[in-house]
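Participant: Below is the structure I would like to discuss, written out as C-alpha cells.
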Amino acid sequence: MSNSIHKLLVANRGEIAVRIIRAAQALGIPTVAACSEADAQSLPARLADEVRIIGPARADKSYLNAEALLQAARDSGANAIHPGYGFLSENAAFAQAVVEAGLIFVGPGADTIRRMGDKAEARRTARAAGVPVVPGSPGELDDLASALACAETVGYPLLIKASAGGGGRGIRIAHDAAELSREFPLAQREAQAAFGSDAVYLERFIRQARHIEVQILGDGQHAVHLFERECSLQRRRQKVFEEAPSPVLTAEQRQALCESAVRLARDIGYRGAGTLEYLFDSHSGEFFFIEMNTRIQVEHPISEMITGIDLVQWMLRIAGGESLSLRQDDIHIQGAALEMRINAEDPARNFFPSPGLVEELVWPQGEGIRVESHLFEGYRVPAYYDSLLAKLVVHGGDRAEAFARAEAALDATRLTGMATTIALHRLLLADPAVRDGQFDTGTLEPWLAERAALLAPAAPEA
Ligand code: ADP
Ligand code: ADP
Ligand code: MG
C-alpha cells in the first residue's frame, strides 16, 4: 500500500476545494487546504484538517505558485496533491514536478497532459484513434501565408484557436481572407501573452452546433464513460447552464459518441477523470471532437447524479493505485440532471463582476437537490478569483421533473449582498425553447440581448 494516499493537499479554492475535501473525507483521507492569504478564513480552510498559507491573494503568487504548493505538501506531510480545475490542473510541468518530488499527482501523467492539453496535438491524437475532428489545419500554423493557404481548404468562416487556450479565451473568428490576415497575428500575440505560447491552428466555424461532452474515467489499463453532458448554453464560449443527458441524442448517436471517447481514452492509456468535448450537428447527426480536458470539470456533478458514481472519489482511488472496478455494462442513465452556475456577476450590467459580502444565505433542500458551494453568511467573496459562487444541481426521474425541481430550488434560494446570475436561471428555466431542448451554442447571447430589460433589477429602493 506504499502508493496509497495517506494525506491530501488540495491545491485549489472555492467550491471545488470543498468538493475535493468532502470526497477525501468519505475515503478517510486527511486533508490540507492550501490557501492564499485572502482565503485563510474560507470554507475549505474550515473544513480541512489543516491549513497552509501558500502566498498572497494574487493567484500567480499562490494558487499558481508550484514551489509554494510543493513546500506546503512537504511541510504538512501530504503525499498527494489534487489540483481541482483551472490554476495548475492542466499544467504538465507542475504534474511532473509533483511526481519528481515523490508525491502523487491526482490526475493523468505529465505526458498525457502535455499531449492532450495542446489542442492541435490533441486533434492529431483524436484522428489517429478514428475520432472525427472539426475540419481544420493539420496542426499548428507558423505564419500567415500558410494560414491563408490552409483556409482555402478549411473554408470560411473559421476560427483561429490558441493551442494552449482554455476557459473560452484565445478564440477568434475570421469570415474571409482579409479578416484572417488581420486577426492571425493578433491571435498569435494574444496567445503568447495569455498562455505563454503563440501556437495557433484553424478550425471551420460550425454554426448551430451543440456542445456535447463525454465524461470518462480510466485507470491506465481500461476506461469507461459516464455518458454525456449538454453544455450548449454558453456566453462568451463559457458554460452557463448544463444538463445530462443531452436531450437531443438518439440512443445510437449516444452510443457512437460515448464509444469514440472511450476509444480515445484507451488509446492514450488515460488515467483519472477526463472529458472529451465535441460539437454535435443535430441536423446531420455528425459529431466532431474539439478538445480534451484532462481534469475534473466544473459540471461533473450532473454526471454523478445520473449515474450514481462519485467521480472525485474515483480520481483519488485511481491515483492511490486502485484499479477501476466499474464495468461499462453496470453504468446506466438514471433520470436527468441540471446544473445552474451561480456567479457573482450582474446580468443586468453585462455580467459585470460583483463580489461582495454574503448577507443572507438560504440554500434549497429536498429530494434531488445538491448545492456545491463555499459560501456562508458573513463570508466576503474576494475580488481576485473566478466569479463562481455555487452550483445548484438538481436531479429528477425525468427531464420535466428536473426542471420542476430546479424552479422550486431557485425559488427557495435566498442570497443577498451581491448581484448574481440567479435571475438569469429563472428566465432560462421558464423559456419554452430551453424546456424543449431547442438550443445550440449560438442561442444564449442573442437571447440575453433581447432580455436585457427583464434581467435588470427591480427599481432601486428609495
Ligand atoms: P469546465 O470545462 O470545467 O466547464 P471552464 O472552462 O469553466 O471549465 O474552466 C474552469 C476554470 O478553469 C475557469 O476558471 C477557467 O477560467 C479556467 N481555465 C480553464 N482552462 C484554462 C487555461 N487553459 N488557462 C487558464 N485558465 C483556464
Ligand atoms: P476552451 O478550451 O476555451 O474551452 P473550446 O475549443 O472547448 O475552447 O471551445 C469553447 C467553445 O467555443 C465551444 O464550447 C463552442 O461553443 C465554441 N467553439 C469552439 N470551436 C468551435 C467551432 N469549430 N465552431 C463553432 N463553435 C466552436
Ligand atoms: Mg472547452
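Here, A, B, ... name the chains of the C-alpha cells in the order displayed, residue numbers run from 1 inside each chain, and ligands are numbered from 1 in the same displayed order.
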Which residues are near ligand 3 in this structure, taking near to mean any atom at most 12 Å from a ligand atom and counting only C-alpha atoms and all ligand atoms? Format them as a ChimeraX atom specification.

Facilitator: /A:86,117,119,161-171,211-214,231-232,234,236-239,274-279,289-295,297-299

Participant: DSSP on the backbone, then: every residue of region 217-346 of chain A marked helix (DSSP H, G or I), written as an MDAnalysis selection string.

Facilitator: chainID A and resid 251:267 300:307 311:319 328:330

Participant: Using only C-alpha atoms, pick whichever of A:Asp431, A:Phe227, A:Gln96, A:Val312 has the shortest atom-to-atom distance to Gln253 (chain A).

Facilitator: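 Once distances to Gln253 (chain A) are computed over only C-alpha atoms, the minimum belongs to A:Phe227.
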
Participant: Within 12 Å of Gly102 (chain A), counting only C-alpha atoms, which residues qualify if same-chain residues fewer than 5 places away don't, as a PDB file with C-alpha atoms, in the first residue's frame?

Facilitator:
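Here's the written file result-v1.pdb:
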```pdb
ATOM      1  CA  SER A   2       3.040   2.266  -0.395  1.00  0.00           C
ATOM      2  CA  ASN A   3       1.417   4.192  -3.227  1.00  0.00           C
ATOM      3  CA  LEU A  70       5.162  21.597  -3.112  1.00  0.00           C
ATOM      4  CA  ALA A  73       2.862  19.390   0.838  1.00  0.00           C
ATOM      5  CA  ARG A  74       6.298  18.654   2.290  1.00  0.00           C
ATOM      6  CA  GLY A  77       3.393  15.518   5.283  1.00  0.00           C
ATOM      7  CA  ALA A  78       0.843  15.213   2.469  1.00  0.00           C
ATOM      8  CA  ASN A  79       1.826  12.632  -0.147  1.00  0.00           C
ATOM      9  CA  ALA A  80      -0.674  13.635  -2.821  1.00  0.00           C
ATOM     10  CA  ILE A  81      -1.948  16.813  -4.491  1.00  0.00           C
ATOM     11  CA  ALA A  95       2.299  17.434 -12.655  1.00  0.00           C
ATOM     12  CA  GLN A  96       5.867  16.402 -13.411  1.00  0.00           C
ATOM     13  CA  ALA A  97       7.314  18.415 -10.511  1.00  0.00           C
TER      14      ALA A  97
END
```

Participant: Identify which of the residues A:Glu242, A:Glu339, A:Glu259, A:Glu359 lies closest to ligand 2, counting only C-alpha atoms and all ligand atoms when measuring atom-to-atom distances.

Facilitator: A:Glu242

Participant: Could you give me, as a PyMOL selection string, the residues within 7 Å of region 386-388 of chain A, counting only C-alpha atoms and dropping anything in the same chain fewer than 5 positions from it?

Facilitator: chain A and resi 341-345+353

Participant: Could those residues be written to a file, using C-alpha atoms, as a JSON list (two decimals), in the first residue's frame?

Facilitator:
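Contents of again.json, as written:
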```json
[["chain", "number", "residue", "atom", "x", "y", "z"],
["A", 341, "ARG", "CA", -23.87, 28.15, -12.32],
["A", 342, "ILE", "CA", -24.49, 30.93, -9.82],
["A", 343, "ASN", "CA", -21.86, 33.58, -10.42],
["A", 344, "ALA", "CA", -21.15, 36.86, -8.64],
["A", 345, "GLU", "CA", -21.96, 38.72, -11.85],
["A", 353, "PRO", "CA", -18.27, 41.02, -11.61]]
```

Participant: Each residue of region 368-462 of chain A lying at most 9 Å from region 324-337 of chain A should get a row with its shortest atom-to-atom pair and the distance in Å to one decimal, counting only C-alpha atoms; could you produce that, ordered by chain and increasing number, as CSV?

Facilitator:
```
residue,atom,partner,partner_atom,distance
A:Gly368,CA,A:Ala337,CA,8.7
A:Val393,CA,A:Ala337,CA,7.0
A:Val394,CA,A:Ala337,CA,5.5
A:His395,CA,A:Ala337,CA,4.2
A:Gly396,CA,A:Ala336,CA,5.5
A:Gly397,CA,A:Gly335,CA,4.2
A:Asp398,CA,A:Gly335,CA,4.6
A:Arg399,CA,A:Ala336,CA,5.1
A:Ala400,CA,A:Ala336,CA,8.6
A:Glu401,CA,A:Ala336,CA,8.2
A:Ala402,CA,A:Ala337,CA,6.1
A:Phe403,CA,A:Ala337,CA,8.7
```

Participant: For ligand 2, which of A:Leu455, A:Ala408, A:Val434, A:Ala209 is the closest residue, counting only C-alpha atoms and all ligand atoms?

Facilitator: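 Residue with the minimum atom-to-atom distance to ligand 2: A:Ala209.
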
Participant: Mind checking DSSP for region 141-345 of chain A and telling me the strand (DSSP E or B) residues as a PyMOL selection string?

Facilitator: chain A and resi 158-166+169-174+200-204+210-219+223-235+238-244+271-281+286-293+336-343+345

Participant: Quick one: write out the picked residues with C-alpha atoms as a short mmCIF file (atom, residue, chain, number, x, y, z; two decimals), in the first residue's frame?

Facilitator:
```
data_model
loop_
_atom_site.label_atom_id
_atom_site.label_comp_id
_atom_site.auth_asym_id
_atom_site.auth_seq_id
_atom_site.Cartn_x
_atom_site.Cartn_y
_atom_site.Cartn_z
CA LEU A 158 -13.28 29.75 -39.48
CA LEU A 159 -11.83 30.07 -36.02
CA ILE A 160 -8.24 30.82 -35.12
CA LYS A 161 -7.66 28.94 -31.88
CA ALA A 162 -4.74 29.05 -29.47
CA SER A 163 -3.27 25.55 -28.99
CA ALA A 164 -2.81 26.28 -25.29
CA GLY A 165 -6.10 28.16 -24.87
CA GLY A 166 -8.86 27.42 -22.38
CA ARG A 169 -10.36 32.51 -24.30
CA GLY A 170 -7.94 32.53 -27.21
CA ILE A 171 -10.52 32.02 -29.99
CA ARG A 172 -11.07 34.49 -32.87
CA ILE A 173 -13.36 34.28 -35.86
CA ALA A 174 -12.46 35.15 -39.48
CA VAL A 200 -2.46 28.67 -33.15
CA TYR A 201 -4.45 26.46 -35.53
CA LEU A 202 -7.55 26.82 -37.70
CA GLU A 203 -10.93 25.15 -37.37
CA ARG A 204 -14.03 25.53 -39.50
CA ARG A 210 -24.36 21.87 -29.83
CA HIS A 211 -21.58 21.43 -27.31
CA ILE A 212 -21.84 17.87 -26.03
CA GLU A 213 -19.06 16.34 -23.97
CA VAL A 214 -18.36 12.86 -22.70
CA GLN A 215 -17.15 12.11 -19.18
CA ILE A 216 -14.62 9.32 -18.98
CA LEU A 217 -12.78 7.56 -16.20
CA GLY A 218 -9.69 5.43 -16.73
CA ASP A 219 -7.01 3.69 -14.71
CA ALA A 223 -11.63 3.12 -19.38
CA VAL A 224 -15.38 3.66 -19.14
CA HIS A 225 -17.66 6.57 -19.99
CA LEU A 226 -20.34 8.12 -17.79
CA PHE A 227 -22.39 9.30 -20.75
CA GLU A 228 -22.62 12.87 -21.96
CA ARG A 229 -23.35 16.40 -20.79
CA GLU A 230 -25.13 19.01 -22.85
CA CYS A 231 -23.33 22.35 -22.42
CA SER A 232 -24.62 24.43 -25.32
CA LEU A 233 -25.97 27.33 -23.27
CA GLN A 234 -22.87 29.50 -23.26
CA ARG A 235 -21.91 33.12 -23.02
CA GLN A 238 -18.24 29.77 -21.32
CA LYS A 239 -20.84 27.40 -19.98
CA VAL A 240 -23.75 28.85 -18.02
CA PHE A 241 -26.27 26.01 -17.65
CA GLU A 242 -25.66 22.32 -18.28
CA GLU A 243 -27.68 19.14 -18.31
CA ALA A 244 -27.19 15.40 -18.52
CA ARG A 271 -5.64 7.62 -16.05
CA GLY A 272 -8.11 9.62 -13.97
CA ALA A 273 -11.24 11.60 -14.81
CA GLY A 274 -11.31 13.40 -18.14
CA THR A 275 -13.70 14.99 -20.58
CA LEU A 276 -13.80 14.87 -24.34
CA GLU A 277 -15.62 17.84 -25.79
CA TYR A 278 -17.43 17.62 -29.11
CA LEU A 279 -19.56 19.76 -31.37
CA PHE A 280 -22.69 17.97 -32.49
CA ASP A 281 -24.65 18.90 -35.59
CA GLU A 286 -22.42 14.25 -37.08
CA PHE A 287 -20.13 14.92 -34.16
CA PHE A 288 -16.62 16.37 -34.12
CA PHE A 289 -14.05 16.28 -31.32
CA ILE A 290 -12.83 19.76 -30.27
CA GLU A 291 -10.68 19.23 -27.20
CA MET A 292 -9.98 17.18 -24.11
CA ASN A 293 -9.86 18.48 -20.55
CA ALA A 336 -31.96 13.76 -15.77
CA ALA A 337 -29.83 16.37 -14.00
CA LEU A 338 -29.34 20.13 -14.46
CA GLU A 339 -26.61 22.47 -13.25
CA MET A 340 -27.09 26.20 -12.82
CA ARG A 341 -23.87 28.15 -12.32
CA ILE A 342 -24.49 30.93 -9.82
CA ASN A 343 -21.86 33.58 -10.42
CA GLU A 345 -21.96 38.72 -11.85
#
```
